[in-house]
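Down below is the structure, laid out as structure tokens.
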Amino acid sequence: MMDPRANAFKENAAKALANETLQSALSIAKPRFVDKRHKAKERLPEFDSLRDVARDIKNHTLAHLDLYLEAYEAKVKAQGGHVHWAATAEEGRRIILDLCRRFGARTVTKGKSMISEEIDLNEALERAGIAPVETDLGEYIVQLRGERPSHIIAPAVHLTKTEIESDFRRVHAHLPKARNLSEITAIVGEAREVLREKYAQADVGITGANYLVAETGTSIIVTNEGNGDLTQILPRAHIVLASIEKLVPTLEDVSTILRVLARSATGQEFSAYTTLSTGPRRKDDPDGPSEYHVVMLDNGRSRMLGTEFQDMLRCIRCGACMNHCPVYLSVGGHAYGWVYPGPMGAVLTPSLIGIEQSALLPNASTFCGRCEEVCPMRIPLPKMMRHWREREFSRHLAPATQRYGLKLWAFFATRPLLYRWASTIAHRALRLMAAGQGRMAFLPLAGAWTKHRDFPAPERKTFQEMWKEKRK
Amino acid sequence: MSARDEVLAQVRRSLSVTGDEPSRRGAVAERLERHPRNLVPRRGEGDHAHRVRLFAEMARAVSATIEELADPAEIPAAVQNYLRSRNLPQELRHGADPLIAALPWSEGAPSLERRKGRADMRDETSLSHAFAGVAETGTLILTSGPDNPTTLNFLPENHIVILFADDIAGNYEDVWDRLRRMNGSNLPRTVNMITGPSRTGDIEQTIELGAHGPRRLHIMIVDRRAD
């Protein structure tokens, strides 16, 4: 498993805040993310009701997951496909390596798959002498840089076109030096040409799955570029890497969820390509893969069922939570230190790799609640982050200063007279320091906090003073 | 214990179920059998003219181009004109679709060179016959097979699609019902839902057309001949 650096969140975040390229890239992205989703939501009057329905569909599916998994598997087999089960990341890698060897694969094209990142598939393929080629433009760019995606649907959101141009010049050394790559159009065109050759060479195509439909035994991918389609229809074998919570019962159910996916993710009415794949090439088909294999990965998800984290399994990986998160939009995805960033990562990462490895992530939040507000599947992300904080605290994973701070606070809070006296003094002192500005750019003992944001000045009166006045 | 049994057993332990409960089995069997519709947006509701209008509007909004034809016999000349107006070679790849085969090619497009079968990397333009259209998002539905091979939808830079006006449904659910009437719950190997030409927003969230699939998507909405 990719070495999680989630416990280094503080150091990572400090570096990210000082990284000018990253800050400039994030400032380009932020208004676009928010504005596009808002407009898409406004255009569809039923949008919020569809979110309720989508939530209910997934809740029903998860409550019957064992049975839907069996129904799905039976249908895939009936259509000539194969289902391989992997309880762990290690098993998932082994199954895929075995299949690639069986098909004599030397080059493997890949559609975008976060699960592939989760199980470190590319490293495993490379070690086995098989060249994995990411074909989603953003994934291709981060692969060239030896990086990981910093966003689940916009992998290269941390970069500006200037960096990408120099990466292309470095890696595509066979192309003329004098070519113009200053425009995005030229960069996209060059990637298209280079990747066309890779599609032609590939022996196996590996894609993820946005959904698996039990009714028809179908895997579904959603893309805008069409890269996932070229990945899966040109090579001899198509391997689908999916996890157990991708199941939905019927085509009607997946239609409902698709209606909230693109609108939440990119603000599109519908993504350019939604592709339903069922089994291998049929008798008369002139194209399509002759082999169709689904790798069904658990990797810790089944243990989330029946716990306070079950709701997280409704997640459809749209990215809306990170697109609206003040923390994510300040530090970017790499600061989170593992595969899944942002609020969904802050909840999912501890579930998958353990809270010991990621205790800081549930704290990487201002608890503003925007993530839950925009989540198409209505996942109560802040509530689940609080659950993790409670566990973190009870297992003594919280830093000592925090534990002492809370003890100190408890000392005052259980002595009302003392508390009132102390809080009145602190209140006046803070107001004096803010000097009528409403906020302060520096706060003694909290320099690290105020370095990248202002501390709000307190209101004119304390809560207790206002409460008293109200009661009069 | 196999990985399969291990995963299913863990799912059941976590859910505190055995998998044998008649009520749970009944609920799943019924949902798969009846596949009830959920809330469907009202946008696609309306008569034939509304659906055609909405489809065209939604498809144009995602940079597809639309041409309306009163008779399938007009298709060959329209294809020739399209290629000429974009300065494209008079070459076309298409599958074994009987409708396409029966069109008056030699009269309408005498200089057009047609190749049959799946697409390859050299094809610049392809022609497909869509199974259906969906008005609510301007989405084309294409199904794989010898008539309209899937490679036609992705390899060439220019994709021309014939869509009969009376194949335009209001919503996705109507199309699934049509597919089920043909094959029950057995879908074709690939069902492509295509909404506009290929695009990417991966560099600075700026939309750029023609990332891997077609740069241009031209949809001919055709009235069926009244014979």
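Ligands are numbered from 1 in the order shown, residues from 1 within each chain, and chains are lettered A, B, ... in the order they appear in the structure tokens.
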
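Near chain B, within 6 Å and using only C-alpha atoms, the residues of chain A are Asp66, Trp85, Ala86, Ala87, Gly138, Ala154, Arg192, Glu215, Thr216, Asn224, Glu225, Gly226, Asn227, Thr250, Glu252, Ala272, Tyr273, Thr274, Thr275, Leu276, Ser277, Thr278, Asp285, Pro286, Ser302, Leu305 and Gly306 of chain A.
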
field: DSSP-assigned alpha helix (DSSP H) members of stretch 94-216 of chain B, reported as a PyMOL selection string
entry: chain B and resi 98-101+105-108+172-183

I need the residues from that last selection saved to file as a PDB file, in the first residue's frame (with N, CA and C atoms), if you can.
ATOM      1  N   PRO B  98     -28.547  -1.837 -41.840  1.00  0.00           N
ATOM      2  CA  PRO B  98     -29.328  -1.955 -43.084  1.00  0.00           C
ATOM      3  C   PRO B  98     -29.901  -0.612 -43.542  1.00  0.00           C
ATOM      4  N   LEU B  99     -30.237   0.241 -42.598  1.00  0.00           N
ATOM      5  CA  LEU B  99     -30.767   1.540 -42.987  1.00  0.00           C
ATOM      6  C   LEU B  99     -29.718   2.340 -43.773  1.00  0.00           C
ATOM      7  N   ILE B 100     -28.483   2.328 -43.256  1.00  0.00           N
ATOM      8  CA  ILE B 100     -27.414   3.081 -43.934  1.00  0.00           C
ATOM      9  C   ILE B 100     -27.135   2.468 -45.306  1.00  0.00           C
ATOM     10  N   ALA B 101     -27.146   1.119 -45.354  1.00  0.00           N
ATOM     11  CA  ALA B 101     -26.862   0.429 -46.619  1.00  0.00           C
ATOM     12  C   ALA B 101     -27.893   0.781 -47.688  1.00  0.00           C
ATOM     13  N   TRP B 105     -26.754   6.388 -51.921  1.00  0.00           N
ATOM     14  CA  TRP B 105     -25.423   6.991 -51.849  1.00  0.00           C
ATOM     15  C   TRP B 105     -24.925   7.481 -53.197  1.00  0.00           C
ATOM     16  N   SER B 106     -25.116   6.669 -54.244  1.00  0.00           N
ATOM     17  CA  SER B 106     -24.496   7.065 -55.522  1.00  0.00           C
ATOM     18  C   SER B 106     -25.159   8.315 -56.105  1.00  0.00           C
ATOM     19  N   GLU B 107     -26.446   8.496 -55.832  1.00  0.00           N
ATOM     20  CA  GLU B 107     -27.088   9.725 -56.318  1.00  0.00           C
ATOM     21  C   GLU B 107     -26.712  10.924 -55.440  1.00  0.00           C
ATOM     22  N   GLY B 108     -26.786  10.728 -54.105  1.00  0.00           N
ATOM     23  CA  GLY B 108     -26.636  11.871 -53.189  1.00  0.00           C
ATOM     24  C   GLY B 108     -25.191  12.285 -52.955  1.00  0.00           C
ATOM     25  N   TYR B 172     -34.190   8.735 -19.779  1.00  0.00           N
ATOM     26  CA  TYR B 172     -33.406   7.499 -19.923  1.00  0.00           C
ATOM     27  C   TYR B 172     -34.284   6.264 -19.710  1.00  0.00           C
ATOM     28  N   GLU B 173     -35.201   6.358 -18.752  1.00  0.00           N
ATOM     29  CA  GLU B 173     -36.010   5.198 -18.386  1.00  0.00           C
ATOM     30  C   GLU B 173     -36.801   4.645 -19.571  1.00  0.00           C
ATOM     31  N   ASP B 174     -37.303   5.554 -20.427  1.00  0.00           N
ATOM     32  CA  ASP B 174     -38.048   5.092 -21.602  1.00  0.00           C
ATOM     33  C   ASP B 174     -37.151   4.272 -22.530  1.00  0.00           C
ATOM     34  N   VAL B 175     -35.880   4.646 -22.601  1.00  0.00           N
ATOM     35  CA  VAL B 175     -34.951   3.905 -23.467  1.00  0.00           C
ATOM     36  C   VAL B 175     -34.664   2.523 -22.886  1.00  0.00           C
ATOM     37  N   TRP B 176     -34.508   2.445 -21.542  1.00  0.00           N
ATOM     38  CA  TRP B 176     -34.259   1.124 -20.938  1.00  0.00           C
ATOM     39  C   TRP B 176     -35.436   0.199 -21.217  1.00  0.00           C
ATOM     40  N   ASP B 177     -36.650   0.728 -21.151  1.00  0.00           N
ATOM     41  CA  ASP B 177     -37.812  -0.117 -21.436  1.00  0.00           C
ATOM     42  C   ASP B 177     -37.779  -0.619 -22.881  1.00  0.00           C
ATOM     43  N   ARG B 178     -37.364   0.256 -23.795  1.00  0.00           N
ATOM     44  CA  ARG B 178     -37.269  -0.172 -25.199  1.00  0.00           C
ATOM     45  C   ARG B 178     -36.230  -1.278 -25.366  1.00  0.00           C
ATOM     46  N   LEU B 179     -35.091  -1.130 -24.681  1.00  0.00           N
ATOM     47  CA  LEU B 179     -34.054  -2.168 -24.770  1.00  0.00           C
ATOM     48  C   LEU B 179     -34.553  -3.480 -24.186  1.00  0.00           C
ATOM     49  N   ARG B 180     -35.280  -3.388 -23.069  1.00  0.00           N
ATOM     50  CA  ARG B 180     -35.793  -4.621 -22.440  1.00  0.00           C
ATOM     51  C   ARG B 180     -36.803  -5.314 -23.329  1.00  0.00           C
ATOM     52  N   ARG B 181     -37.594  -4.550 -24.067  1.00  0.00           N
ATOM     53  CA  ARG B 181     -38.578  -5.184 -24.949  1.00  0.00           C
ATOM     54  C   ARG B 181     -37.876  -6.016 -26.016  1.00  0.00           C
ATOM     55  N   MET B 182     -36.641  -5.632 -26.368  1.00  0.00           N
ATOM     56  CA  MET B 182     -35.914  -6.395 -27.385  1.00  0.00           C
ATOM     57  C   MET B 182     -35.220  -7.622 -26.804  1.00  0.00           C
ATOM     58  N   ASN B 183     -34.542  -7.446 -25.657  1.00  0.00           N
ATOM     59  CA  ASN B 183     -33.667  -8.526 -25.159  1.00  0.00           C
ATOM     60  C   ASN B 183     -33.872  -8.866 -23.694  1.00  0.00           C
TER      61      ASN B 183
END

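Using only C-alpha atoms, the protein and nucleic acid residues lying no more than 10 Å from B:Asp166, apart from those fewer than 5 places from it along its own chain, are His48, Ala49, Arg51, Val52, Ala132, Gly133, Ile221, Val222, Asp223 and Arg224 of chain B.
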
message: With only C-alpha atoms as the counted atoms, please give the residues lying no more than 12 Å from stretch 428-444 of chain A, apart from itself and same-chain residues fewer than 4 positions off, as a list of chain:residue names.
response: A:Trp421, A:Ala422, A:Ser423, A:Thr424, A:Ala448, A:Trp449, A:Thr450, A:Lys451, A:His452, A:Arg453, A:Asp454, A:Phe455, A:Pro456, A:Ala457, A:Pro458, A:Glu459, A:Arg460, A:Lys461, A:Thr462

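Picture a line from atom CA of A:Lys383 to atom CA of A:Leu348; it runs 12.9 Å.
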
field: Option closest in space to B:Gln90, from B:Ser63, B:Ser126, B:Ile75, B:Ala56 [counting only C-alpha atoms]
entry: B:Ser126

message: Applying 12 Å and only C-alpha atoms, which residues near stretch 395-411 of chain A remain after dropping the ones on its own chain fewer than 6 positions away? List them as a PyMOL selection string.
response: chain A and resi 7+354-363+388-389+417-419+422-423

Next, write the just-selected residues to a file, as a CSV table (one decimal), in the first residue's frame, keeping N, CA and C atoms as the atom set.
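Ended up saving to result_34.csv:
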chain,number,residue,atom,x,y,z
A,7,ASN,N,-0.4,11.3,8.4
A,7,ASN,CA,-0.1,11.8,9.7
A,7,ASN,C,0.8,13.0,9.7
A,354,GLY,N,-6.8,2.9,8.9
A,354,GLY,CA,-6.7,2.9,10.3
A,354,GLY,C,-6.6,4.4,10.8
A,355,ILE,N,-7.2,4.7,11.9
A,355,ILE,CA,-7.1,6.0,12.5
A,355,ILE,C,-5.7,6.3,13.0
A,356,GLU,N,-4.9,5.3,13.4
A,356,GLU,CA,-3.6,5.5,13.9
A,356,GLU,C,-2.7,6.1,12.8
A,357,GLN,N,-3.0,5.8,11.5
A,357,GLN,CA,-2.2,6.3,10.4
A,357,GLN,C,-2.7,7.6,9.9
A,358,SER,N,-3.9,8.1,10.4
A,358,SER,CA,-4.5,9.2,9.8
A,358,SER,C,-5.2,10.1,10.8
A,359,ALA,N,-4.8,10.1,12.0
A,359,ALA,CA,-5.5,10.8,13.1
A,359,ALA,C,-5.8,12.2,12.9
A,360,LEU,N,-4.9,12.9,12.1
A,360,LEU,CA,-5.1,14.3,11.9
A,360,LEU,C,-6.1,14.7,10.9
A,361,LEU,N,-6.5,13.7,10.0
A,361,LEU,CA,-7.4,14.1,8.9
A,361,LEU,C,-8.8,14.5,9.4
A,362,PRO,N,-9.4,13.8,10.3
A,362,PRO,CA,-10.7,14.2,10.8
A,362,PRO,C,-10.7,15.6,11.4
A,363,ASN,N,-9.5,16.1,11.7
A,363,ASN,CA,-9.3,17.4,12.2
A,363,ASN,C,-9.1,18.5,11.2
A,388,TRP,N,-14.8,10.1,14.3
A,388,TRP,CA,-13.4,9.8,14.3
A,388,TRP,C,-12.6,10.6,15.4
A,389,ARG,N,-13.0,11.8,15.6
A,389,ARG,CA,-12.3,12.6,16.6
A,389,ARG,C,-12.5,12.0,18.0
A,417,LEU,N,-18.4,30.7,38.1
A,417,LEU,CA,-18.0,32.0,38.4
A,417,LEU,C,-16.6,32.3,37.8
A,418,LEU,N,-15.7,31.3,38.0
A,418,LEU,CA,-14.3,31.5,37.5
A,418,LEU,C,-14.4,31.6,35.9
A,419,TYR,N,-15.2,30.8,35.3
A,419,TYR,CA,-15.3,30.7,33.9
A,419,TYR,C,-15.8,32.1,33.4
A,422,ALA,N,-12.9,34.7,33.8
A,422,ALA,CA,-11.8,34.5,32.8
A,422,ALA,C,-12.3,34.8,31.4
A,423,SER,N,-13.5,34.4,31.0
A,423,SER,CA,-13.9,34.7,29.6
A,423,SER,C,-14.1,36.2,29.4

task: Please identify all polymer residues within 10 Å of A:Arg51, counting only C-alpha atoms, omitting same-chain residues fewer than 4 positions from it, and present them as a PyMOL selection string.
output: chain A and resi 46-47+55-57+256-257+259-261+374-378

task: Looking only at strand (DSSP E) from DSSP on the backbone, list the matching residues of stretch 152-251 of chain A as a list in words.
output: Val204, Gly205, Ile206, Thr207, Tyr211, Leu212, Val213, Thr218, Ser219, Ile220, Ile221, Val222, Thr223, Ala237, His238, Ile239, Val240, Leu241, Ala242, Ser243, Leu247 and Val248 of chain A

field: Residues near stretch 232-244 of chain A, cut-off 9 Å, only C-alpha atoms, skip fewer than 6 positions along chain, as number ranges by chain
entry: A: 65, 69, 92, 96, 99-100, 103, 108-111, 113, 115-116, 199-212, 219, 280, 287-299, 301-302; B: 150-151

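Among the candidates B:Thr125, B:Leu163, B:Ala135, B:Ala169, the residue lying nearest to B:Phe55 is B:Ala135 (atoms considered: only C-alpha atoms).
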